[in-house]
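Undergrad: Below is the structure I would like to discuss, written out as structure tokens.
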Amino acid sequence: MKDKIAIVGRPNVGKSSLFNRLIKQRKSIVEKEDGVTRDRIYADLYWRGYCAQLIDTGGLIASPEYFPSLEKIEILVRKQIDIAVEEAMLAIFVTDVRTGLTPLDKDVSLYLKRKQKEVILVVNKVDNEGLKNEAVNFYQLGFKELFPVSAAHGLGIGELLDCLIKKLPPILSPLIKEETINVAIVGKPNVGKSSFINSLLRDERVLVDEQPGTTRDSVDILFKKGGRNYLLLDTAGIRRKKVIKDTLDLYSLFRTYKAIARAEIVLLLIDIREGLSRQDITILNFIIKQNKAGIIAVNKKDLFKDACFKEYEKMLRQRIKYLHFVPIVFTSALKGENVQQTLDLIAKIADNNSRRIATNLLNKLNISFPRTRVYYLTQIKTKPPKFLVFVNDSNSIKANHSVYLKNLLRKEFDFKGVPIDIVFKNRC
């Protein structure tokens, strides 16, 4: 298991910019607005043959009166920071040379000293020699090491990384990459995505709040269960474009679609009180367009204890007849009902998505189309399954022929939850 390093500091000092710079990719959202990062965000850091796991955290506000509007969310953010610092072997304490030493910086300093973790003090936004002289003022915080850096321009990053690896064990051999099932959790704001993940993990790993849009960034959560590795891609709630009021919401929307593109399986969470909205159907269409396996989870079933869920599912399927292969499950993230069973279904669909059918079995299927002769059928790809069908005249193939063959393959070989791609080709 990799050693962990937590990045800690008050809001808007450039923690996420430093996180992105150290991992050499844009993973955390960077905005001038305070409080953008709220959950813990993990990524691997590599430098000179060494490896660690870096944790980006939200802004630590030890005195909520500084930001009254964040007073409610601050308690939850603080809890996430506590977990990150407890997990980490050391902390990078980030400050801002341009605003100078503030009372909040001193509060963060006291917080880290109480945690008794090794701390590396970083003074960010040092973009020129003049600002380097001002950085020395931060020695007042009482830490031995101080690194002036500019996360935006990459200044001083090499020296910081060299310091970090002195405290880490080297990688002596390549890591064996195990198969991981990537699952994106998507849906409108406030349908219970973060609560679902916490229930699944049996841990408050993701910040949970009733306020719609609490999750602003996509958060990767790696865990292992039943001998299998899962990577959950928690995402910000998808809003309709006309209610996206700022660049942060727009970027969150982009990151959500990016998470769908990264995923192998997409779990669309909907609220049982609302059913499938036009927006949900748009999301489903995007999932299918991306050729992703999918599940629809109807959350908050505990609100309707006496409901006939079979009738409810029948009503949903009337609206998405073309997605008959997508499973529908009913869950209560709050009560933990049917959450673990949903993970079992995810594992089953991952198996279906990776299934390869022997050519001799495929060619035992009784396939016939009017005015078209089928010579040969073979599977050429998985994730999702793709089949090549040799015929005498591919121009005679109609859309209903493809639908028929897909349904036949699902019936015979159990491709539940998985899109199937079929290509017809003339035999040479």
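Convention: chains lettered A, B, ... in structure tokens order; per-chain residue numbering from 1; ligands numbered from 1 as shown.
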Report as a tab-separated table the residues of stretch 329-422 of chain A within 12 Å of stretch 184-191 of chain A, each with its shortest atom pair and distance in Å (one decimal), using only C-alpha atoms, ordered by chain and increasing residue number.

TA:
residue	atom	partner	partner_atom	distance
A:Thr331	CA	A:Val191	CA	11.4
A:Ser332	CA	A:Val191	CA	10.7
A:Ala333	CA	A:Val191	CA	9.8
A:Leu334	CA	A:Val191	CA	11.2
A:Leu343	CA	A:Ile185	CA	11.9
A:Ile346	CA	A:Ala184	CA	11.0

Undergrad: Residues as selected, all heavy atoms, written as a CSV table (one decimal), in the first residue's frame, can you do that?

TA:
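In the end it all went to again_31.csv:
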chain,number,residue,atom,x,y,z
A,331,THR,N,-33.3,1.2,-4.2
A,331,THR,CA,-32.4,1.3,-3.1
A,331,THR,C,-32.8,2.3,-2.1
A,331,THR,O,-33.6,3.2,-2.4
A,331,THR,CB,-30.9,1.6,-3.6
A,331,THR,OG1,-31.0,2.9,-4.1
A,331,THR,CG2,-30.4,0.6,-4.6
A,332,SER,N,-32.3,2.2,-0.9
A,332,SER,CA,-32.3,3.3,0.1
A,332,SER,C,-30.9,3.5,0.6
A,332,SER,O,-30.5,2.7,1.4
A,332,SER,CB,-33.3,3.0,1.2
A,332,SER,OG,-33.2,4.0,2.2
A,333,ALA,N,-30.2,4.5,0.1
A,333,ALA,CA,-28.9,4.8,0.6
A,333,ALA,C,-28.9,5.1,2.1
A,333,ALA,O,-28.0,4.7,2.8
A,333,ALA,CB,-28.3,5.9,-0.2
A,334,LEU,N,-29.9,5.8,2.5
A,334,LEU,CA,-30.0,6.3,3.9
A,334,LEU,C,-30.1,5.0,4.8
A,334,LEU,O,-29.5,5.0,5.9
A,334,LEU,CB,-31.3,7.2,4.1
A,334,LEU,CG,-31.4,7.8,5.4
A,334,LEU,CD1,-30.3,8.7,5.8
A,334,LEU,CD2,-32.8,8.5,5.5
A,343,LEU,N,-23.9,-3.6,-5.7
A,343,LEU,CA,-22.5,-3.8,-6.0
A,343,LEU,C,-22.3,-5.2,-6.6
A,343,LEU,O,-21.6,-5.4,-7.6
A,343,LEU,CB,-21.7,-3.7,-4.7
A,343,LEU,CG,-20.2,-3.9,-4.9
A,343,LEU,CD1,-19.6,-2.7,-5.8
A,343,LEU,CD2,-19.5,-3.9,-3.6
A,346,ILE,N,-23.3,-4.9,-10.2
A,346,ILE,CA,-22.2,-4.2,-10.9
A,346,ILE,C,-21.1,-5.2,-11.3
A,346,ILE,O,-20.6,-5.3,-12.4
A,346,ILE,CB,-21.6,-3.1,-10.1
A,346,ILE,CG1,-22.6,-1.9,-10.0
A,346,ILE,CG2,-20.2,-2.6,-10.6
A,346,ILE,CD1,-22.2,-0.8,-9.0

Undergrad: Find the residues near A:Met89: any atom within 10 Å, counting only C-alpha atoms, skip ones fewer than 4 places away on the same chain, and give them as number ranges by chain.

TA: A: 3-6, 84-85, 117-119, 167-168

Undergrad: Which residue, A:Ile420, A:Ile221, A:Ile397, A:Val122, has the smallest gap to A:Ile380 when you use only C-alpha atoms?

TA: A:Ile420

Undergrad: Could you check which of A:Ala152, A:Leu269, A:Ala43, A:Leu405 is closest to A:Asp220, using only C-alpha atoms?

TA: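 When distances to A:Asp220 are compared using only C-alpha atoms, the smallest one comes from A:Ala43.
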
Undergrad: Quick one: residues within 9 Å of stretch 389-392 of chain A, only C-alpha atoms, excluding same-chain residues fewer than 6 positions away - as number ranges by chain?

TA: A: 372-379, 422-428

Undergrad: When you look at stretch 102-104 of chain A with a cut-off of 10 Å (counting only C-alpha atoms), what residues show up, excluding the ones that are within fewer than 3 positions of it in the same chain? I need them as a tab-separated table (two decimals) with C-alpha atoms, in the first residue's frame.

TA:
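The result, stored in selection.tsv:
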chain	number	residue	atom	x	y	z
A	9	GLY	CA	-4.36	24.79	4.22
A	10	ARG	CA	-6.97	27.51	4.52
A	11	PRO	CA	-9.24	28.20	1.52
A	60	LEU	CA	-9.62	24.32	6.59
A	61	ILE	CA	-11.66	26.98	8.36
A	62	ALA	CA	-10.93	26.68	12.05
A	63	SER	CA	-13.01	29.80	12.78
A	66	TYR	CA	-14.68	34.22	8.85
A	95	THR	CA	0.08	29.13	2.53
A	96	ASP	CA	-0.17	32.17	0.23
A	99	THR	CA	-2.04	37.57	1.20
A	107	ASP	CA	-5.14	28.18	13.19
A	108	VAL	CA	-4.14	25.59	10.59
A	109	SER	CA	-0.63	25.49	12.04
A	110	LEU	CA	-1.98	24.75	15.52
A	138	PHE	CA	6.09	32.26	7.37

Undergrad: Near A:Ile357, within 10 Å and counting only C-alpha atoms, which residues show up once chain neighbours fewer than 3 positions away are dropped, as an MDAnalysis selection string?

TA: chainID A and resid 354 360:362 378:380 382 385 387 409 413

Undergrad: Once you have the residues from the selection above, write them out as a compact mmCIF listing (two decimals), in the first residue's frame, restricted to N, CA, C and O atoms.

TA:
# COMPACT_ATOMS: atom_id res chain seq x y z
N SER A 354 -17.15 -8.30 -20.11
CA SER A 354 -15.86 -8.91 -20.48
C SER A 354 -16.04 -10.28 -21.12
O SER A 354 -15.04 -10.92 -21.49
N ASN A 360 -17.47 -21.23 -32.15
CA ASN A 360 -18.29 -22.40 -32.48
C ASN A 360 -19.68 -22.32 -31.85
O ASN A 360 -20.67 -22.77 -32.43
N LEU A 361 -19.78 -21.69 -30.66
CA LEU A 361 -21.08 -21.53 -30.02
C LEU A 361 -21.92 -20.48 -30.75
O LEU A 361 -23.14 -20.64 -30.91
N LEU A 362 -21.28 -19.43 -31.20
CA LEU A 362 -22.00 -18.39 -31.93
C LEU A 362 -22.60 -18.93 -33.22
O LEU A 362 -23.72 -18.57 -33.61
N THR A 378 -18.61 -14.00 -35.49
CA THR A 378 -17.50 -14.11 -34.54
C THR A 378 -17.45 -12.86 -33.66
O THR A 378 -17.86 -11.77 -34.09
N GLN A 379 -16.95 -13.04 -32.44
CA GLN A 379 -16.78 -11.89 -31.53
C GLN A 379 -15.39 -11.31 -31.72
O GLN A 379 -14.39 -12.03 -31.69
N ILE A 380 -15.31 -9.98 -31.89
CA ILE A 380 -14.01 -9.36 -32.16
C ILE A 380 -13.56 -8.42 -31.05
O ILE A 380 -12.44 -7.89 -31.09
N THR A 382 -14.37 -7.01 -26.60
CA THR A 382 -15.14 -6.97 -25.36
C THR A 382 -15.14 -5.53 -24.82
O THR A 382 -14.42 -4.67 -25.32
N PRO A 385 -19.11 -5.93 -25.72
CA PRO A 385 -18.97 -7.00 -26.72
C PRO A 385 -19.30 -6.50 -28.13
O PRO A 385 -20.28 -5.77 -28.32
N PHE A 387 -19.50 -7.85 -32.27
CA PHE A 387 -19.55 -9.04 -33.11
C PHE A 387 -19.48 -8.65 -34.59
O PHE A 387 -20.02 -7.62 -34.99
N LEU A 409 -28.59 -12.73 -28.91
CA LEU A 409 -27.34 -12.89 -28.16
C LEU A 409 -27.57 -12.68 -26.66
O LEU A 409 -27.00 -13.40 -25.83
N PHE A 413 -26.74 -15.74 -24.18
CA PHE A 413 -25.45 -15.63 -23.48
C PHE A 413 -25.44 -14.62 -22.32
O PHE A 413 -24.38 -14.31 -21.79

Undergrad: How many Å lie between atom CA of A:Val298 and atom CA of A:Val329, rounded to one decimal?

TA: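 Answer for the atom CA of A:Val298 to atom CA of A:Val329 separation: 6.1 Å.
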
Undergrad: Any idea what's packed within 8 Å of A:Leu45, counting only C-alpha atoms, ignoring anything in its chain fewer than 4 positions away? Could you give it as a PyMOL selection string?

TA: chain A and resi 22-23+51-54

Undergrad: With N, CA and C atoms retained, export the selected residues as a compact mmCIF listing (two decimals), in the first residue's frame.

TA:
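Output (result.txt):
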# COMPACT_ATOMS: atom_id res chain seq x y z
N LEU A 22 1.76 18.60 -8.85
CA LEU A 22 2.56 17.47 -8.36
C LEU A 22 2.21 16.17 -9.05
N ILE A 23 0.93 15.98 -9.40
CA ILE A 23 0.55 14.72 -10.06
C ILE A 23 0.62 14.84 -11.59
N CYS A 51 7.04 6.57 -5.30
CA CYS A 51 5.61 6.70 -5.49
C CYS A 51 4.91 6.92 -4.15
N ALA A 52 3.91 7.78 -4.15
CA ALA A 52 3.06 8.00 -2.98
C ALA A 52 1.67 8.36 -3.46
N GLN A 53 0.73 8.37 -2.54
CA GLN A 53 -0.63 8.79 -2.88
C GLN A 53 -0.86 10.17 -2.26
N LEU A 54 -1.22 11.11 -3.11
CA LEU A 54 -1.43 12.49 -2.68
C LEU A 54 -2.93 12.71 -2.44

Undergrad: Hey, what's within 9 Å of A:Gly100 if we count only C-alpha atoms and toss same-chain stuff fewer than 6 positions away? As JSON, numbers by chain, please?

TA: {"A": [134, 135, 137, 138]}

Undergrad: Between atom CA of A:Asp56 and atom CA of A:Ile165, what is the spacing in Å?

TA: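 Computing the Euclidean distance for atom CA of A:Ile165 and atom CA of A:Asp56 yields 18.0 Å.
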
Undergrad: DSSP on the backbone: what in stretch 320-391 of chain A comes out strand (DSSP E), as a PyMOL selection string?

TA: chain A and resi 328-330+374-381+386-391

Undergrad: Quick one: of A:Ala88, A:Ala261, A:Ile181, A:Ile349, who's nearest to A:Gly227, counting only C-alpha atoms?

TA: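 Comparing A:Ala88, A:Ala261, A:Ile181, A:Ile349 against A:Gly227, the winner is A:Ile181.
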
Undergrad: Could you tell me how far atom CA of A:Asp344 sits from atom CA of A:Tyr312, in Å to one decimal place?

TA: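 Separating atom CA of A:Tyr312 from atom CA of A:Asp344 is a distance of 22.4 Å.
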